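Trainee: The structure file my_file.cif (mmCIF, C-alpha atoms) is provided below.
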data_run
loop_
_atom_site.label_atom_id
_atom_site.label_comp_id
_atom_site.auth_asym_id
_atom_site.auth_seq_id
_atom_site.Cartn_x
_atom_site.Cartn_y
_atom_site.Cartn_z
CA MET A 1 97.45 -38.75 147.84
CA ALA A 2 94.04 -40.24 147.14
CA GLU A 3 93.68 -43.84 146.08
CA TYR A 4 90.91 -44.61 143.60
CA TYR A 5 89.23 -47.96 143.47
CA PHE A 6 86.03 -49.72 142.52
CA THR A 7 84.19 -52.86 143.48
CA PHE A 8 80.91 -54.58 142.72
CA LYS A 9 77.80 -55.04 144.81
CA VAL A 10 74.78 -57.25 144.21
CA LYS A 11 71.20 -56.23 144.94
CA LYS A 12 68.20 -58.53 144.82
CA ARG A 13 65.67 -57.76 142.10
CA LYS A 14 62.07 -57.10 143.12
CA LYS A 15 60.93 -59.86 140.78
CA PRO A 16 62.96 -62.36 138.73
CA SER A 17 63.99 -61.28 135.25
CA GLU A 18 63.09 -63.78 132.54
CA GLU A 19 65.90 -62.45 130.30
CA TYR A 20 68.63 -64.04 132.41
CA GLU A 21 69.58 -67.39 133.85
CA GLY A 22 71.49 -68.18 137.02
CA VAL A 23 72.47 -65.43 139.44
CA LEU A 24 71.40 -62.60 137.13
CA ARG A 25 67.80 -63.81 137.14
CA ASN A 26 67.31 -62.72 140.75
CA TYR A 27 70.17 -60.24 141.30
CA ARG A 28 71.55 -57.11 139.63
CA PHE A 29 75.21 -56.10 139.75
CA TYR A 30 76.14 -52.54 140.74
CA ILE A 31 79.57 -50.94 140.43
CA GLU A 32 80.73 -48.65 143.22
CA TYR A 33 83.57 -46.16 142.87
CA TYR A 34 85.44 -45.01 145.97
CA THR A 35 88.30 -42.80 147.01
CA GLN A 36 90.29 -43.83 150.03
CA LEU A 37 89.69 -40.43 151.62
CA ASN A 38 85.93 -41.01 151.71
CA GLY A 39 84.36 -44.20 153.07
CA GLU A 40 81.12 -44.00 151.13
CA PRO A 41 80.79 -44.54 147.37
CA LYS A 42 81.44 -41.55 145.19
CA ILE A 43 79.03 -43.02 142.63
CA SER A 44 77.19 -46.32 142.23
CA PHE A 45 74.99 -47.60 139.39
CA PRO A 46 73.83 -50.86 137.74
CA VAL A 47 76.42 -52.36 135.46
CA ARG A 48 76.59 -54.89 132.63
CA PHE A 49 79.51 -56.79 131.13
CA VAL A 50 81.48 -57.18 134.36
CA GLU A 51 84.32 -59.10 132.66
CA ASN A 52 84.84 -56.34 130.07
CA ILE A 53 84.88 -53.71 132.80
CA LEU A 54 87.54 -55.65 134.70
CA ASN A 55 89.60 -56.05 131.50
CA PHE A 56 89.38 -52.31 130.83
CA SER A 57 90.77 -51.61 134.30
CA ASN A 58 93.82 -53.71 133.35
CA ASP A 59 94.29 -51.53 130.24
CA LEU A 60 94.39 -48.47 132.52
CA GLY A 61 96.98 -50.00 134.85
CA GLY A 62 94.54 -51.09 137.53
CA GLU A 63 95.43 -53.91 139.89
CA VAL A 64 93.13 -56.35 141.63
CA LYS A 65 93.77 -55.75 145.32
CA GLU A 66 91.62 -58.57 146.67
CA VAL A 67 88.88 -60.96 145.61
CA ARG A 68 86.30 -61.98 148.20
CA LYS A 69 83.66 -64.65 147.85
CA VAL A 70 80.24 -63.37 148.88
CA ARG A 71 77.35 -65.69 149.64
CA LEU A 72 73.94 -64.67 148.31
CA SER A 73 70.62 -65.33 150.04
CA ASN A 74 69.89 -68.24 147.67
CA GLY A 75 73.08 -70.04 148.73
CA ARG A 76 75.15 -69.24 145.61
CA CYS A 77 78.41 -67.32 145.74
CA TYR A 78 79.96 -64.66 143.54
CA GLU A 79 83.45 -63.19 143.45
CA LYS A 80 83.73 -59.56 144.53
CA PRO A 81 87.00 -58.03 143.28
CA THR A 82 88.38 -54.75 144.59
CA VAL A 83 90.41 -53.01 141.88
CA VAL A 84 92.79 -50.10 142.58
CA LEU A 85 93.23 -47.57 139.77
CA PRO A 86 96.57 -45.73 139.51
CA ASN A 87 95.37 -42.10 139.27
CA GLU A 88 92.40 -39.78 138.88
CA ILE A 89 92.47 -39.78 135.06
CA ALA A 90 92.33 -43.59 135.02
CA PHE A 91 89.49 -43.40 137.55
CA ARG A 92 87.54 -40.99 135.32
CA ARG A 93 88.23 -42.99 132.14
CA HIS A 94 87.01 -46.16 133.83
CA LEU A 95 83.92 -44.41 135.19
CA LEU A 96 82.96 -43.10 131.73
CA PHE A 97 83.61 -46.50 130.13
CA SER A 98 81.42 -48.34 132.63
CA LEU A 99 78.66 -45.70 132.43
CA THR A 100 78.54 -46.00 128.65
CA ALA A 101 78.99 -49.80 128.56
CA SER A 102 76.04 -50.19 130.93
CA THR A 103 73.76 -48.65 128.30
CA TYR A 104 74.58 -51.31 125.67
CA ARG A 105 72.44 -54.42 125.27
CA LYS A 106 75.16 -56.49 123.53
CA PRO A 107 78.95 -56.33 123.94
CA GLY A 108 79.67 -55.98 120.21
CA LYS A 109 80.71 -52.32 120.22
CA LEU A 110 82.69 -52.29 123.47
CA GLY A 111 86.01 -52.45 121.54
CA THR A 112 85.19 -49.18 119.78
CA LEU A 113 84.13 -47.64 123.08
CA ARG A 114 87.36 -48.81 124.71
CA ASN A 115 89.50 -47.08 122.05
CA LEU A 116 87.41 -43.90 122.27
CA VAL A 117 87.66 -43.59 126.05
CA LEU A 118 91.41 -44.34 126.08
CA ASN A 119 92.00 -41.49 123.60
CA LEU A 120 89.47 -38.97 124.95
CA ASN A 121 90.68 -35.49 125.89
CA ALA A 122 91.13 -35.21 129.68
CA ASN A 123 89.25 -31.89 129.91
CA PHE A 124 86.19 -33.30 128.14
CA LEU A 125 86.49 -36.44 130.25
CA ASN A 126 86.36 -34.34 133.43
CA VAL A 127 83.23 -32.51 132.26
CA LEU A 128 81.35 -35.74 131.52
CA THR A 129 82.34 -37.55 134.72
CA ASN A 130 81.66 -34.51 136.92
CA MET A 131 78.21 -34.30 135.35
CA ALA A 132 77.53 -37.95 136.24
CA ILE A 133 78.86 -37.62 139.81
CA GLU A 134 76.86 -34.45 140.45
CA ARG A 135 73.69 -36.03 139.05
CA TYR A 136 74.24 -39.03 141.28
CA ALA A 137 74.65 -36.86 144.39
CA GLU A 138 71.54 -34.77 143.61
CA LEU A 139 69.23 -37.53 142.49
CA LYS A 140 70.19 -40.14 145.08
CA THR A 141 69.21 -37.80 147.92
CA SER A 142 66.00 -36.67 146.17
CA GLY A 143 64.36 -40.07 146.54
CA ASN A 144 63.40 -40.21 142.86
CA PRO A 145 63.12 -43.92 141.94
CA ALA A 146 64.34 -43.20 138.38
CA TRP A 147 67.69 -41.72 139.52
CA ILE A 148 69.62 -44.59 137.91
CA TRP A 149 68.42 -43.72 134.42
CA TYR A 150 69.26 -40.03 134.82
CA VAL A 151 72.84 -40.96 135.76
CA LEU A 152 73.13 -43.38 132.83
CA ARG A 153 72.05 -40.62 130.44
CA VAL A 154 75.66 -39.41 130.47
CA GLY A 155 76.66 -42.77 128.95
CA ARG A 156 73.89 -42.51 126.37
CA ALA A 157 75.09 -39.00 125.48
CA VAL A 158 78.58 -40.35 124.75
CA LYS A 159 77.11 -43.03 122.46
CA THR A 160 75.04 -40.43 120.62
CA LEU A 161 77.87 -37.89 120.37
CA TYR A 162 80.26 -40.38 118.81
CA ARG A 163 77.57 -42.23 116.78
CA MET A 164 78.16 -45.58 118.43
CA ASP A 165 74.50 -46.41 118.89
#
Let me see whether you can do it: turn the structure in this file into structure tokens.
Mentor:
Amino acid sequence: MAEYYFTFKVKKRKKPSEEYEGVLRNYRFYIEYYTQLNGEPKISFPVRFVENILNFSNDLGGEVKEVRKVRLSNGRCYEKPTVVLPNEIAFRRHLLFSLTASTYRKPGKLGTLRNLVLNLNANFLNVLTNMAIERYAELKTSGNPAWIWYVLRVGRAVKTLYRMD
């Protein structure tokens, strides 16, 4: 039986972002989804609203397996949780939630998104998440520097489809 989990990774920005203060000024958070059967990430993309994403995993029955402190190159530390999701449907719901949440600028509509994803039909959920995973696999190997935005288009499509924009 496969075990589904996700964790966060931090990558240094090419140049500091003036929008943010603290760690986010120089670093960008990425979420990585794994299955225990495969050692490399199934999908990885930039993420926003890390606390909301962790709270949504609790709604799905996810458990924090471990929390590591990781030291950044500037001397600061951040906590890197590893969260185990109970099944594939929870994995796919969480993936769609984080894809769509990453396209928002402000967290105001994340409650509506949460309710939508929790009640979404499993067949439609599979179509959307398979589309994102396949895009990730194709575009990551192509070397296209805009691959991130093509993967996040699945999240934008959900916002447009359900008029949450």
Trainee: For a test of reading the model, state the distance in Å between CA of Thr103 (chain A) and CA of Tyr150 (chain A), rounded to one decimal.
Mentor: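 Those two atoms sit 11.7 Å apart.
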Trainee: What separation in Å, quoted to one decimal, exists between CA of Ile53 (chain A) and CA of Ala101 (chain A)?
Mentor: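 Taking CA of Ile53 (chain A) as the start and CA of Ala101 (chain A) as the end point, the length is 8.2 Å.
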Trainee: For Val84 (chain A), which residue out of A:Asn52, A:Ser98, A:Thr35, A:Ser17 is the nearest one, using only C-alpha atoms?
Mentor: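 The answer is A:Thr35, which sits nearest to Val84 (chain A).
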Trainee: For region 131-133 of chain A, list every protein, DNA or RNA residue within 9 Å, evaluated using all atoms listed in the file, and leave out those in the same chain fewer than 5 positions away; present the list as JSON, numbers by chain.
Mentor: {"A": [42, 43, 96, 99, 126, 138, 150, 151, 152, 153, 154, 155]}
Trainee: Emit the selected residues as a short mmCIF file (atom, residue, chain, number, x, y, z; two decimals), keeping the file's coordinate frame, including C-alpha atoms.
Mentor:
data_model
loop_
_atom_site.label_atom_id
_atom_site.label_comp_id
_atom_site.auth_asym_id
_atom_site.auth_seq_id
_atom_site.Cartn_x
_atom_site.Cartn_y
_atom_site.Cartn_z
CA LYS A 42 81.44 -41.55 145.19
CA ILE A 43 79.03 -43.02 142.63
CA LEU A 96 82.96 -43.10 131.73
CA LEU A 99 78.66 -45.70 132.43
CA ASN A 126 86.36 -34.34 133.43
CA GLU A 138 71.54 -34.77 143.61
CA TYR A 150 69.26 -40.03 134.82
CA VAL A 151 72.84 -40.96 135.76
CA LEU A 152 73.13 -43.38 132.83
CA ARG A 153 72.05 -40.62 130.44
CA VAL A 154 75.66 -39.41 130.47
CA GLY A 155 76.66 -42.77 128.95
#
Trainee: So, with only C-alpha atoms as the atoms that count, which of A:Ser57, A:Thr7, A:Asn26, A:Ser142 lies closest to Asn87 (chain A)?
Mentor: A:Ser57
Trainee: Do you know which residues are at most 12 Å from Asn123 (chain A) counting only C-alpha atoms, after dropping those on the same chain fewer than 6 positions away, and could you put them as a PyMOL selection string?
Mentor: chain A and resi 89+92-93+129-130
Trainee: State, in Å with one decimal place, the distance from CA of Phe6 (chain A) to CA of Ile31 (chain A).
Mentor: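 If I compute the distance from CA of Phe6 (chain A) to CA of Ile31 (chain A), I get 6.9 Å.
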Trainee: Name the residues that the PyMOL selection byres ((chain A and resi 74) around 12) pulls out of this structure, and write them as an mmCIF file with C-alpha atoms, in the coordinates of the input.
Mentor:
data_model
loop_
_atom_site.group_PDB
_atom_site.id
_atom_site.type_symbol
_atom_site.label_atom_id
_atom_site.label_comp_id
_atom_site.auth_asym_id
_atom_site.auth_seq_id
_atom_site.Cartn_x
_atom_site.Cartn_y
_atom_site.Cartn_z
ATOM 1 C CA LYS A 12 68.200 -58.530 144.820
ATOM 2 C CA GLY A 22 71.490 -68.180 137.020
ATOM 3 C CA VAL A 23 72.470 -65.430 139.440
ATOM 4 C CA ARG A 25 67.800 -63.810 137.140
ATOM 5 C CA ASN A 26 67.310 -62.720 140.750
ATOM 6 C CA TYR A 27 70.170 -60.240 141.300
ATOM 7 C CA VAL A 70 80.240 -63.370 148.880
ATOM 8 C CA ARG A 71 77.350 -65.690 149.640
ATOM 9 C CA LEU A 72 73.940 -64.670 148.310
ATOM 10 C CA SER A 73 70.620 -65.330 150.040
ATOM 11 C CA GLY A 75 73.080 -70.040 148.730
ATOM 12 C CA ARG A 76 75.150 -69.240 145.610
ATOM 13 C CA CYS A 77 78.410 -67.320 145.740
ATOM 14 C CA TYR A 78 79.960 -64.660 143.540
#
Trainee: Return the padded bounding box of region 71-76 of chain A as JSON: axis-aligned, built from all atoms listed in the file, 5 Å added on each side, with centre and edge lengths in Å to one decimal.
Mentor:
{"center_x": 73.6, "center_y": -67.4, "center_z": 147.8, "size_x": 17.5, "size_y": 15.4, "size_z": 14.4}
Trainee: Given the choices A:Lys159, A:Lys140, A:Arg135, A:Arg68, which gets closest to Leu110 (chain A) if the distance is worked out from only C-alpha atoms?
Mentor: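 For Leu110 (chain A), the nearest of the given residues is A:Lys159.
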Trainee: Quick one: of A:Tyr33, A:Leu85, A:Lys69, A:Phe8, who's nearest to Glu51 (chain A), counting all atoms listed in the file?
Mentor: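 Checking each candidate against Glu51 (chain A), we get A:Phe8 as the closest.
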Trainee: Is there a way to get, as a PyMOL selection string, all residues within 7 Å of the point (89.3, -53.0, 148.5) in file coordinates, counting all atoms listed in the file?
Mentor: chain A and resi 65-66+82-83
Trainee: Would you mind listing what lies within 10 Å of Leu116 (chain A) as a ChimeraX atom specification, with all atoms listed in the file counted and same-chain residues fewer than 3 positions away left out?
Mentor: /A:93,97,110-113,119-121,158,162
Trainee: So, counting all atoms listed in the file, which residue among A:Tyr30, A:Phe49, A:Tyr104, A:Tyr4 is closest to Gly62 (chain A)?
Mentor: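 Closest to Gly62 (chain A) of all the choices is A:Tyr4.
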Trainee: Of the residues A:Phe45, A:Trp147, A:Tyr136, A:Phe124, which is the one nearest to Ser102 (chain A), using only C-alpha atoms?
Mentor: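 Smallest distance to Ser102 (chain A) is found for A:Phe45.
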Trainee: Save region 3-35 of chain A from what I just supplied, as a compact mmCIF listing (two decimals), in the first residue's frame, atoms limited to N, CA, C and O atoms.
Mentor:
# COMPACT_ATOMS: atom_id res chain seq x y z
N GLU A 3 2.05 5.07 0.56
CA GLU A 3 1.86 6.10 1.56
C GLU A 3 2.08 7.45 0.88
O GLU A 3 3.09 7.63 0.20
N TYR A 4 1.17 8.37 1.04
CA TYR A 4 1.24 9.66 0.38
C TYR A 4 1.63 10.72 1.39
O TYR A 4 1.07 10.78 2.49
N TYR A 5 2.58 11.54 1.03
CA TYR A 5 2.97 12.61 1.94
C TYR A 5 3.50 13.81 1.17
O TYR A 5 3.78 13.74 -0.02
N PHE A 6 3.60 14.92 1.89
CA PHE A 6 4.16 16.13 1.29
C PHE A 6 5.04 16.83 2.30
O PHE A 6 4.94 16.61 3.51
N THR A 7 5.92 17.65 1.77
CA THR A 7 6.80 18.46 2.59
C THR A 7 7.11 19.75 1.83
O THR A 7 6.68 19.91 0.69
N PHE A 8 7.83 20.63 2.48
CA PHE A 8 8.16 21.91 1.86
C PHE A 8 9.66 22.01 1.62
O PHE A 8 10.45 21.39 2.33
N LYS A 9 10.02 22.77 0.63
CA LYS A 9 11.42 23.02 0.30
C LYS A 9 11.55 24.52 0.07
O LYS A 9 10.60 25.18 -0.34
N VAL A 10 12.73 25.05 0.33
CA VAL A 10 12.97 26.47 0.12
C VAL A 10 14.05 26.64 -0.93
O VAL A 10 15.06 25.95 -0.89
N LYS A 11 13.79 27.52 -1.89
CA LYS A 11 14.80 27.85 -2.91
C LYS A 11 15.10 29.34 -2.83
O LYS A 11 14.19 30.15 -2.62
N LYS A 12 16.34 29.67 -3.03
CA LYS A 12 16.76 31.08 -3.00
C LYS A 12 16.28 31.78 -4.27
O LYS A 12 16.38 31.24 -5.36
N ARG A 13 15.75 32.98 -4.10
CA ARG A 13 15.33 33.79 -5.24
C ARG A 13 16.55 34.36 -5.95
O ARG A 13 17.58 34.59 -5.33
N LYS A 14 16.42 34.61 -7.25
CA LYS A 14 17.54 35.21 -7.99
C LYS A 14 17.85 36.60 -7.50
O LYS A 14 18.99 37.01 -7.40
N LYS A 15 16.79 37.37 -7.20
CA LYS A 15 16.98 38.69 -6.60
C LYS A 15 15.91 38.88 -5.54
O LYS A 15 14.81 38.32 -5.65
N PRO A 16 16.19 39.66 -4.51
CA PRO A 16 15.22 39.83 -3.41
C PRO A 16 13.91 40.45 -3.91
O PRO A 16 13.90 41.31 -4.77
N SER A 17 12.82 39.98 -3.34
CA SER A 17 11.50 40.50 -3.67
C SER A 17 11.13 41.59 -2.68
O SER A 17 11.16 41.38 -1.47
N GLU A 18 10.78 42.74 -3.19
CA GLU A 18 10.45 43.89 -2.34
C GLU A 18 9.07 43.74 -1.70
O GLU A 18 8.74 44.48 -0.78
N GLU A 19 8.25 42.80 -2.20
CA GLU A 19 6.91 42.59 -1.65
C GLU A 19 6.94 42.03 -0.24
O GLU A 19 6.00 42.21 0.52
N TYR A 20 7.98 41.28 0.10
CA TYR A 20 8.01 40.53 1.34
C TYR A 20 9.07 41.04 2.29
O TYR A 20 9.99 41.75 1.90
N GLU A 21 8.91 40.64 3.55
CA GLU A 21 9.92 40.91 4.57
C GLU A 21 10.37 39.58 5.15
O GLU A 21 9.69 38.57 5.02
N GLY A 22 11.52 39.57 5.78
CA GLY A 22 12.01 38.36 6.44
C GLY A 22 12.49 37.32 5.45
O GLY A 22 13.09 37.64 4.42
N VAL A 23 12.21 36.06 5.75
CA VAL A 23 12.69 34.94 4.95
C VAL A 23 12.15 34.98 3.52
O VAL A 23 12.87 34.68 2.57
N LEU A 24 10.91 35.39 3.36
CA LEU A 24 10.28 35.39 2.03
C LEU A 24 10.89 36.41 1.08
O LEU A 24 10.70 36.32 -0.12
N ARG A 25 11.62 37.36 1.60
CA ARG A 25 12.26 38.35 0.73
C ARG A 25 13.30 37.69 -0.17
O ARG A 25 13.44 38.01 -1.34
N ASN A 26 14.04 36.74 0.38
CA ASN A 26 15.13 36.11 -0.37
C ASN A 26 14.86 34.65 -0.77
O ASN A 26 15.63 34.09 -1.54
N TYR A 27 13.80 34.05 -0.25
CA TYR A 27 13.53 32.64 -0.50
C TYR A 27 12.08 32.44 -0.92
O TYR A 27 11.21 33.22 -0.56
N ARG A 28 11.83 31.37 -1.68
CA ARG A 28 10.49 31.00 -2.10
C ARG A 28 10.23 29.57 -1.63
O ARG A 28 11.07 28.70 -1.77
N PHE A 29 9.03 29.36 -1.06
CA PHE A 29 8.66 28.03 -0.59
C PHE A 29 8.06 27.22 -1.72
O PHE A 29 7.26 27.72 -2.50
N TYR A 30 8.46 25.95 -1.80
CA TYR A 30 7.91 24.99 -2.75
C TYR A 30 7.29 23.85 -1.95
O TYR A 30 7.80 23.49 -0.90
N ILE A 31 6.21 23.28 -2.47
CA ILE A 31 5.63 22.09 -1.86
C ILE A 31 5.98 20.91 -2.75
O ILE A 31 5.97 21.03 -3.97
N GLU A 32 6.33 19.80 -2.13
CA GLU A 32 6.70 18.59 -2.87
C GLU A 32 5.81 17.45 -2.39
O GLU A 32 5.74 17.18 -1.19
N TYR A 33 5.18 16.78 -3.34
CA TYR A 33 4.34 15.63 -3.03
C TYR A 33 5.08 14.35 -3.41
O TYR A 33 5.66 14.27 -4.48
N TYR A 34 5.04 13.38 -2.50
CA TYR A 34 5.74 12.11 -2.69
C TYR A 34 4.80 10.94 -2.46
O TYR A 34 3.79 11.07 -1.78
N THR A 35 5.18 9.80 -3.03
CA THR A 35 4.63 8.52 -2.60
C THR A 35 5.79 7.73 -2.06
O THR A 35 6.93 7.89 -2.50
